[in-house]
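What follows is a set of notes on a single structure, which appears directly below.
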Amino acid sequence: MTTSLWTTRQPMKEPASLPVRYGSLVARRDDEPMQRFRRYGLGQFIHFGLYSLLGGEYEGVSATGAAPAPEWIRAWRGPTAPESWTEIYDRLNESFDPAELDARAWARQAKQMGARYVIFTTKHHDGFALWPSEHSGYTVANSPFRRDLVGEVVDAYTAEGIDVFLYFSVLDWNHPGYTSAVPTDAAGRAGWEQFLEYTRAQLLELLERYPATKGLWFDGTWDPSWVASHEFTHRLEQELREKRPGLIIGSRFRNDEHGSRHFDSNGALLGDYEQGWERKLPASHEMLGGNDWDGVMTIGPNAWGWLRDTSGQYQKTADDLIDLLMRCRSMGGNLVVNFGPDGSGRMTAHEDEIAEQLGAWVTANADAIYDAGHVDLDRTGMGWLTGGDDRLFLTVVNRPVNGIARLRFPADGDRLPVAARMLETGRALETRITDIGYDLDAAVYCDVVIPADFSAPRAFVIELILGETGAGPAKAERIDAWQ
Ligand code: FHN
């Protein structure tokens, strides 16, 4: 299978058979929280913070191209950056007041979209906390807004039945003790130790304040200083799990003592699910090694926070996201779609449209999404296969011009389609087992006829019911007889 850059990750290190003391703390879990995680299907990411006030620009000057992304605008450098920029940015808390923000409206919209979990930025790299943390002076409590936005989001989404994961950036440009490099002098080490304790205190505070939280989603854990703190992070993960049994923590939180992130040096997953799929998705189910995972995706090219001017930038459509969603589900993962509200807490018009259109499709095809997962069948160029028990779903994104949806089943398979229908309408479809006569191919082919008068504005799902059959073994014997 050819893989492009967007469908792979750094090559997995060959297991080093090194002694690993600070490796994985969890084996694959089958408890209720992880069973729910596997059935989330679709999630919503929300990036909101001081950067949302700016939309990637300041006083009419765009930072695009001079800052990595709108939520990174504090890192704006070069000739276009305003004079004393970081000082200007760091004082944005003095004007942070999205008074109209209504987390209940966000949650209703996410419910309409079909999201079953939300990942919300409690604190991004700028260090500004959207909850009144007792461990920082740089929080909503020190802004005209003054409200506990994290608490409002947790309550609103939980009330809609949507599980809440709290995004937390370890990287913190505001804390004086933070250093990217490993500290080498006494003052640096003392500052870093204070930073580690501050990080621990904020995380314990979040779990204490928001008991409904189902997971922690870590970010900004790539700097050498954090990578070198593997004893601290190993201890902290243990402490977080003890404080909140059932808590779900992704693989981006920490690394082992050899610096191996996401997976320890012997290939064991460092967390409950692989969290590295960001604006990229696995090329195949096999490369996941049986681990749980989710893929987080921006609607624009690389804007997590609100971007005022998206002209010239492709904005993914509902059709794009349906394709990505079913690609994820076909490999047993969840797709998390990012929303970046503006400084007043309003979603963009395009995000509203996506929520409505994606939600309508997800609602009509829910059976193929939430409780349906990876099926061990050949991929098809027509779209994505999901299923479970005796149901098989083919999400058709590329409609065959001959009107025949042909699926390949292994010869030794004991179940073949015995009936098919359009999932959304229930319209019965003609199916037939077709012996195409491929030499040496002992597979069995099932053709489903897509009626010529059938039209669909978007991807559509064919549901097949699988039944016991003798066609498989009999065909394999026939092929042997011809040799
Ligand atoms: O640097 C961040 C970025 O701003 C954004 O928050 C994404 C979302 O997962 N994470 C980091 C980039 O990998």
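Within each chain, counting starts at residue 1; across the structure tokens, chains are named A, B, ... in the order shown, with ligands numbered 1 upward in that order.
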Please report as CSV every residue of chain A lying within 8 Å of ligand 1, along with the nearest atom pair and their distance in Å (one decimal), using only C-alpha atoms and all ligand atoms.
residue,atom,partner,partner_atom_place_in_ligand_line,distance
A:His47,CA,ligand 1,6 (O),7.1
A:Ala69,CA,ligand 1,4 (O),6.7
A:Pro70,CA,ligand 1,4 (O),8.0
A:Glu71,CA,ligand 1,4 (O),5.5
A:Trp72,CA,ligand 1,4 (O),6.0
A:His124,CA,ligand 1,6 (O),6.9
A:His125,CA,ligand 1,1 (O),7.3
A:Ser169,CA,ligand 1,6 (O),7.9
A:Asp219,CA,ligand 1,10 (N),5.8
A:Gly220,CA,ligand 1,1 (O),6.3
A:Glu278,CA,ligand 1,9 (O),6.1
A:Val296,CA,ligand 1,9 (O),6.7
A:Ala303,CA,ligand 1,4 (O),7.9
A:Trp304,CA,ligand 1,5 (C),5.8
A:Gly305,CA,ligand 1,4 (O),7.6
Those selected residues, please, written with all heavy atoms and delivered as a compact mmCIF listing (two decimals), in the first residue's frame.
# COMPACT_ATOMS: atom_id res chain seq x y z
N HIS A 47 -10.81 24.98 19.84
CA HIS A 47 -9.67 25.82 20.22
C HIS A 47 -10.22 27.23 20.47
O HIS A 47 -10.75 27.87 19.55
CB HIS A 47 -8.63 25.87 19.11
CG HIS A 47 -7.65 24.75 19.15
ND1 HIS A 47 -7.96 23.45 18.81
CD2 HIS A 47 -6.34 24.75 19.52
CE1 HIS A 47 -6.89 22.69 18.96
NE2 HIS A 47 -5.89 23.44 19.40
N ALA A 69 0.50 29.38 13.07
CA ALA A 69 -0.96 29.16 12.97
C ALA A 69 -1.64 30.26 13.79
O ALA A 69 -0.97 30.91 14.61
CB ALA A 69 -1.32 27.78 13.52
N PRO A 70 -2.93 30.49 13.63
CA PRO A 70 -3.60 31.58 14.35
C PRO A 70 -3.47 31.46 15.87
O PRO A 70 -3.29 32.46 16.57
CB PRO A 70 -5.06 31.46 13.92
CG PRO A 70 -5.06 30.66 12.68
CD PRO A 70 -3.86 29.78 12.72
N GLU A 71 -3.45 30.21 16.37
CA GLU A 71 -3.35 30.05 17.83
C GLU A 71 -1.89 30.16 18.31
O GLU A 71 -1.61 30.11 19.48
CB GLU A 71 -3.99 28.71 18.25
CG GLU A 71 -3.23 27.47 17.88
CD GLU A 71 -3.36 27.07 16.42
OE1 GLU A 71 -4.13 27.71 15.65
OE2 GLU A 71 -2.70 26.08 16.05
N TRP A 72 -1.00 30.29 17.34
CA TRP A 72 0.42 30.52 17.62
C TRP A 72 0.81 31.97 17.36
O TRP A 72 2.00 32.30 17.27
CB TRP A 72 1.26 29.61 16.73
CG TRP A 72 1.55 28.25 17.25
CD1 TRP A 72 0.67 27.21 17.37
CD2 TRP A 72 2.80 27.77 17.75
NE1 TRP A 72 1.29 26.11 17.88
CE2 TRP A 72 2.60 26.41 18.13
CE3 TRP A 72 4.07 28.32 17.91
CZ2 TRP A 72 3.64 25.62 18.65
CZ3 TRP A 72 5.11 27.53 18.41
CH2 TRP A 72 4.88 26.20 18.78
N HIS A 124 -3.91 26.86 26.29
CA HIS A 124 -3.06 26.59 25.14
C HIS A 124 -1.63 27.04 25.46
O HIS A 124 -1.32 27.34 26.61
CB HIS A 124 -3.62 27.26 23.88
CG HIS A 124 -3.18 26.61 22.61
ND1 HIS A 124 -2.18 27.12 21.82
CD2 HIS A 124 -3.57 25.47 22.01
CE1 HIS A 124 -1.97 26.33 20.79
NE2 HIS A 124 -2.80 25.32 20.87
N HIS A 125 -0.77 27.08 24.46
CA HIS A 125 0.64 27.36 24.72
C HIS A 125 0.88 28.72 25.37
O HIS A 125 1.91 28.91 26.02
CB HIS A 125 1.44 27.28 23.42
CG HIS A 125 1.25 26.02 22.64
ND1 HIS A 125 0.87 24.81 23.20
CD2 HIS A 125 1.36 25.78 21.30
CE1 HIS A 125 0.78 23.90 22.26
NE2 HIS A 125 1.08 24.44 21.10
N SER A 169 -2.16 22.19 27.43
CA SER A 169 -0.83 22.36 26.85
C SER A 169 0.21 22.40 27.96
O SER A 169 0.16 23.27 28.85
CB SER A 169 -0.75 23.66 26.05
OG SER A 169 0.61 23.88 25.65
N ASP A 219 -0.90 18.29 25.01
CA ASP A 219 -0.25 18.88 23.85
C ASP A 219 1.02 19.59 24.33
O ASP A 219 1.22 19.77 25.53
CB ASP A 219 -1.21 19.89 23.20
CG ASP A 219 -0.90 20.11 21.72
OD1 ASP A 219 0.01 19.45 21.20
OD2 ASP A 219 -1.57 20.95 21.09
N GLY A 220 1.88 19.96 23.39
CA GLY A 220 3.07 20.72 23.76
C GLY A 220 4.03 19.94 24.63
O GLY A 220 4.58 20.46 25.60
N GLU A 278 -2.69 13.75 13.86
CA GLU A 278 -3.13 15.15 13.82
C GLU A 278 -2.96 15.66 12.40
O GLU A 278 -1.86 15.72 11.87
CB GLU A 278 -2.26 15.94 14.78
CG GLU A 278 -2.61 17.40 14.80
CD GLU A 278 -1.83 18.17 15.84
OE1 GLU A 278 -1.78 17.71 17.00
OE2 GLU A 278 -1.23 19.18 15.47
N VAL A 296 -7.30 13.97 14.74
CA VAL A 296 -7.87 15.31 14.89
C VAL A 296 -7.59 16.10 13.61
O VAL A 296 -6.50 16.00 13.03
CB VAL A 296 -7.32 16.04 16.12
CG1 VAL A 296 -7.75 15.33 17.41
CG2 VAL A 296 -5.80 16.16 16.09
N ALA A 303 -5.29 25.68 10.77
CA ALA A 303 -5.74 26.73 11.68
C ALA A 303 -6.61 26.07 12.73
O ALA A 303 -7.69 25.57 12.40
CB ALA A 303 -6.54 27.79 10.93
N TRP A 304 -6.12 26.02 13.94
CA TRP A 304 -6.93 25.44 15.02
C TRP A 304 -7.72 26.54 15.70
O TRP A 304 -8.89 26.41 16.00
CB TRP A 304 -6.05 24.68 16.01
CG TRP A 304 -5.30 23.55 15.37
CD1 TRP A 304 -4.06 23.59 14.77
CD2 TRP A 304 -5.74 22.18 15.24
NE1 TRP A 304 -3.72 22.35 14.26
CE2 TRP A 304 -4.72 21.47 14.56
CE3 TRP A 304 -6.89 21.50 15.63
CZ2 TRP A 304 -4.82 20.11 14.25
CZ3 TRP A 304 -7.00 20.13 15.34
CH2 TRP A 304 -5.97 19.47 14.67
N GLY A 305 -7.05 27.68 15.92
CA GLY A 305 -7.75 28.85 16.45
C GLY A 305 -8.42 29.61 15.29
O GLY A 305 -8.10 29.40 14.12
Could you list, as a PDB file with N, CA and C atoms, in the first residue's frame, every residue within 6 Å of range 52-61 of chain A, counting only C-alpha atoms and ignoring same-chain residues fewer than 6 positions away?
ATOM      1  N   PRO A  70      -2.932  30.487  13.628  1.00  0.00           N
ATOM      2  CA  PRO A  70      -3.596  31.580  14.348  1.00  0.00           C
ATOM      3  C   PRO A  70      -3.465  31.465  15.869  1.00  0.00           C
ATOM      4  N   TRP A 306      -9.333  30.499  15.664  1.00  0.00           N
ATOM      5  CA  TRP A 306     -10.087  31.239  14.649  1.00  0.00           C
ATOM      6  C   TRP A 306      -9.164  32.008  13.721  1.00  0.00           C
ATOM      7  N   LEU A 307      -9.460  31.936  12.412  1.00  0.00           N
ATOM      8  CA  LEU A 307      -8.721  32.697  11.406  1.00  0.00           C
ATOM      9  C   LEU A 307      -9.731  33.587  10.691  1.00  0.00           C
ATOM     10  N   ARG A 308      -9.564  34.891  10.817  1.00  0.00           N
ATOM     11  CA  ARG A 308     -10.540  35.808  10.245  1.00  0.00           C
ATOM     12  C   ARG A 308     -10.566  35.702   8.721  1.00  0.00           C
ATOM     13  N   ASP A 342     -14.741  32.595  17.110  1.00  0.00           N
ATOM     14  CA  ASP A 342     -14.070  33.899  17.118  1.00  0.00           C
ATOM     15  C   ASP A 342     -14.049  34.454  18.544  1.00  0.00           C
ATOM     16  N   GLY A 343     -13.494  35.633  18.702  1.00  0.00           N
ATOM     17  CA  GLY A 343     -13.266  36.200  20.035  1.00  0.00           C
ATOM     18  C   GLY A 343     -14.525  36.442  20.844  1.00  0.00           C
TER      19      GLY A 343
END
Excluding range 427-438 of chain A and any residue of its chain fewer than 3 positions from it, enumerate the residues within 8 Å of it, using only C-alpha atoms, and give them as an MDAnalysis selection string.
chainID A and resid 417:423 441 444:451
Restricted to N, CA and C atoms, what would the selected residues look like written as a short mmCIF file (atom, residue, chain, number, x, y, z; two decimals), in the first residue's frame?
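That gives us part-v5.cif:
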data_model
loop_
_atom_site.label_atom_id
_atom_site.label_comp_id
_atom_site.auth_asym_id
_atom_site.auth_seq_id
_atom_site.Cartn_x
_atom_site.Cartn_y
_atom_site.Cartn_z
N PRO A 417 -22.99 -11.99 1.82
CA PRO A 417 -24.22 -11.21 1.82
C PRO A 417 -25.41 -12.03 1.36
N VAL A 418 -26.46 -11.94 2.13
CA VAL A 418 -27.69 -12.62 1.73
C VAL A 418 -28.80 -11.60 1.44
N ALA A 419 -28.52 -10.35 1.76
CA ALA A 419 -29.51 -9.29 1.46
C ALA A 419 -28.79 -7.95 1.54
N ALA A 420 -29.35 -6.96 0.86
CA ALA A 420 -28.75 -5.62 0.90
C ALA A 420 -29.84 -4.58 0.74
N ARG A 421 -29.56 -3.41 1.29
CA ARG A 421 -30.52 -2.31 1.17
C ARG A 421 -29.76 -1.00 1.29
N MET A 422 -30.41 0.09 0.87
CA MET A 422 -29.88 1.42 1.15
C MET A 422 -30.16 1.67 2.63
N LEU A 423 -29.14 2.03 3.38
CA LEU A 423 -29.33 2.20 4.82
C LEU A 423 -30.31 3.33 5.11
N ASP A 441 -7.94 -17.21 -8.26
CA ASP A 441 -8.50 -16.36 -7.21
C ASP A 441 -9.66 -17.09 -6.58
N VAL A 444 -14.68 -15.03 -3.37
CA VAL A 444 -16.07 -14.98 -3.85
C VAL A 444 -16.44 -13.51 -3.99
N TYR A 445 -17.11 -13.18 -5.07
CA TYR A 445 -17.47 -11.79 -5.32
C TYR A 445 -18.98 -11.63 -5.15
N CYS A 446 -19.33 -10.54 -4.48
CA CYS A 446 -20.76 -10.25 -4.33
C CYS A 446 -21.04 -8.92 -5.03
N ASP A 447 -22.00 -8.95 -5.92
CA ASP A 447 -22.40 -7.75 -6.63
C ASP A 447 -23.70 -7.21 -6.05
N VAL A 448 -23.71 -5.95 -5.75
CA VAL A 448 -24.96 -5.29 -5.33
C VAL A 448 -25.33 -4.30 -6.42
N VAL A 449 -26.54 -4.39 -6.91
CA VAL A 449 -26.96 -3.52 -8.01
C VAL A 449 -27.48 -2.20 -7.44
N ILE A 450 -26.84 -1.10 -7.85
CA ILE A 450 -27.30 0.23 -7.45
C ILE A 450 -28.28 0.70 -8.52
N PRO A 451 -29.53 0.89 -8.16
CA PRO A 451 -30.54 1.20 -9.18
C PRO A 451 -30.18 2.45 -9.98
#
For Leu377 in chain A: contacts at 10 Å, only C-alpha atoms, fewer than 4 positions along chain excluded, given as a PyMOL selection string: chain A and resi 385-386+407-410
What does the file look like for those residues with N, CA and C atoms, as a PDB file, in the first residue's frame?
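Contents of out27.pdb, freshly written:
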ATOM      1  N   LEU A 385     -15.532   0.401   4.297  1.00  0.00           N
ATOM      2  CA  LEU A 385     -16.308  -0.689   4.893  1.00  0.00           C
ATOM      3  C   LEU A 385     -16.251  -0.602   6.416  1.00  0.00           C
ATOM      4  N   THR A 386     -17.408  -0.702   7.034  1.00  0.00           N
ATOM      5  CA  THR A 386     -17.491  -0.832   8.488  1.00  0.00           C
ATOM      6  C   THR A 386     -18.483  -1.957   8.766  1.00  0.00           C
ATOM      7  N   LEU A 407     -18.048  -6.477  -4.143  1.00  0.00           N
ATOM      8  CA  LEU A 407     -17.208  -6.689  -2.952  1.00  0.00           C
ATOM      9  C   LEU A 407     -16.588  -8.072  -2.992  1.00  0.00           C
ATOM     10  N   ARG A 408     -15.383  -8.175  -2.507  1.00  0.00           N
ATOM     11  CA  ARG A 408     -14.616  -9.425  -2.561  1.00  0.00           C
ATOM     12  C   ARG A 408     -14.605 -10.061  -1.176  1.00  0.00           C
ATOM     13  N   PHE A 409     -14.974 -11.319  -1.114  1.00  0.00           N
ATOM     14  CA  PHE A 409     -14.995 -12.054   0.154  1.00  0.00           C
ATOM     15  C   PHE A 409     -14.033 -13.228   0.060  1.00  0.00           C
ATOM     16  N   PRO A 410     -13.334 -13.522   1.147  1.00  0.00           N
ATOM     17  CA  PRO A 410     -12.367 -14.643   1.109  1.00  0.00           C
ATOM     18  C   PRO A 410     -13.081 -15.960   0.861  1.00  0.00           C
TER      19      PRO A 410
END
*asked:* Applying 10 Å and only C-alpha atoms, which residues near Asp102 in chain A remain after dropping the ones on its own chain fewer than 5 positions away? List them as a count of residues only.
replied: 8
- Members of range 271-321 of chain A assigned alpha helix (DSSP H) by DSSP, as a PyMOL selection string: chain A and resi 318-321
Of A:Asn142, A:Ser229, A:Gln238, A:Thr158, the one sitting nearest Val26 in chain A when using only C-alpha atoms is A:Gln238
Q: Quote the spacing between CA of Ile322 in chain A and CA of His262 in chain A in Å to one decimal place.
A: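 Interatomic distance here is 27.5 Å.
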When you look at Ser225 in chain A with a cut-off of 8 Å (counting only C-alpha atoms), what residues show up, excluding the ones that are within fewer than 4 positions of it in the same chain? I need them as JSON, numbers by chain. {"A": [179, 180, 181, 182, 183, 229]}
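Atom pair CA of Ser455 in chain A / CA of Gln109 in chain A: separated by 28.2 Å.
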Across A:Ala141, A:Leu392, A:Leu206, A:Val154, the smallest distance to Ser330 in chain A, with only C-alpha atoms counted, is shown by A:Leu392
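Of note, CA of Val461 in chain A and CA of Glu286 in chain A are spaced 24.0 Å apart.
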- request: Compare A:Ala187, A:Glu237, A:Val140, A:Tyr89 by their minimum atom-to-atom distance to Trp173 in chain A, counting only C-alpha atoms, and give me the closest one.
  value: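 Closest candidate: A:Tyr89.
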Residue neighbourhood Ala349 in chain A, 12 Å, only C-alpha atoms, exclusion window fewer than 4 positions, as a PDB file with C-alpha atoms, in the first residue's frame:
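Resulting contents of around39.pdb:
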ATOM      1  CA  TRP A 306     -10.087  31.239  14.649  1.00  0.00           C
ATOM      2  CA  ARG A 308     -10.540  35.808  10.245  1.00  0.00           C
ATOM      3  CA  THR A 310      -9.493  32.274   5.093  1.00  0.00           C
ATOM      4  CA  GLN A 315     -11.982  24.829   3.785  1.00  0.00           C
ATOM      5  CA  PHE A 339     -13.940  24.307  15.481  1.00  0.00           C
ATOM      6  CA  GLY A 340     -12.294  27.671  16.204  1.00  0.00           C
ATOM      7  CA  PRO A 341     -14.839  30.190  17.506  1.00  0.00           C
ATOM      8  CA  ASP A 342     -14.070  33.899  17.118  1.00  0.00           C
ATOM      9  CA  GLU A 353     -22.803  24.775   7.776  1.00  0.00           C
ATOM     10  CA  ILE A 354     -20.498  21.823   8.442  1.00  0.00           C
ATOM     11  CA  ALA A 355     -22.259  21.007  11.716  1.00  0.00           C
ATOM     12  CA  GLU A 356     -25.637  21.035   9.980  1.00  0.00           C
TER      13      GLU A 356
END
Exercise for review: From the DSSP assignment of the backbone, select every residue of range 186-404 of chain A that is strand (DSSP E), and format the answer as a ChimeraX atom specification.
Suggested key: /A:215-219,248-249,274-278,293-297,334-339,383-388,391-396,404
Q.
Let me make sure I understand: among A:Val401, A:Ile162, A:Leu281, A:Ile249, which one has the smallest atom-to-atom distance to Leu269 in chain A if we use only C-alpha atoms?
A.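 Nearest to Leu269 in chain A: A:Ile249.
Closest approach to Asp172 in chain A from the set A:Trp277, A:Phe145, A:Phe96, A:Phe128 is made by A:Phe128, with distances taken over only C-alpha atoms.
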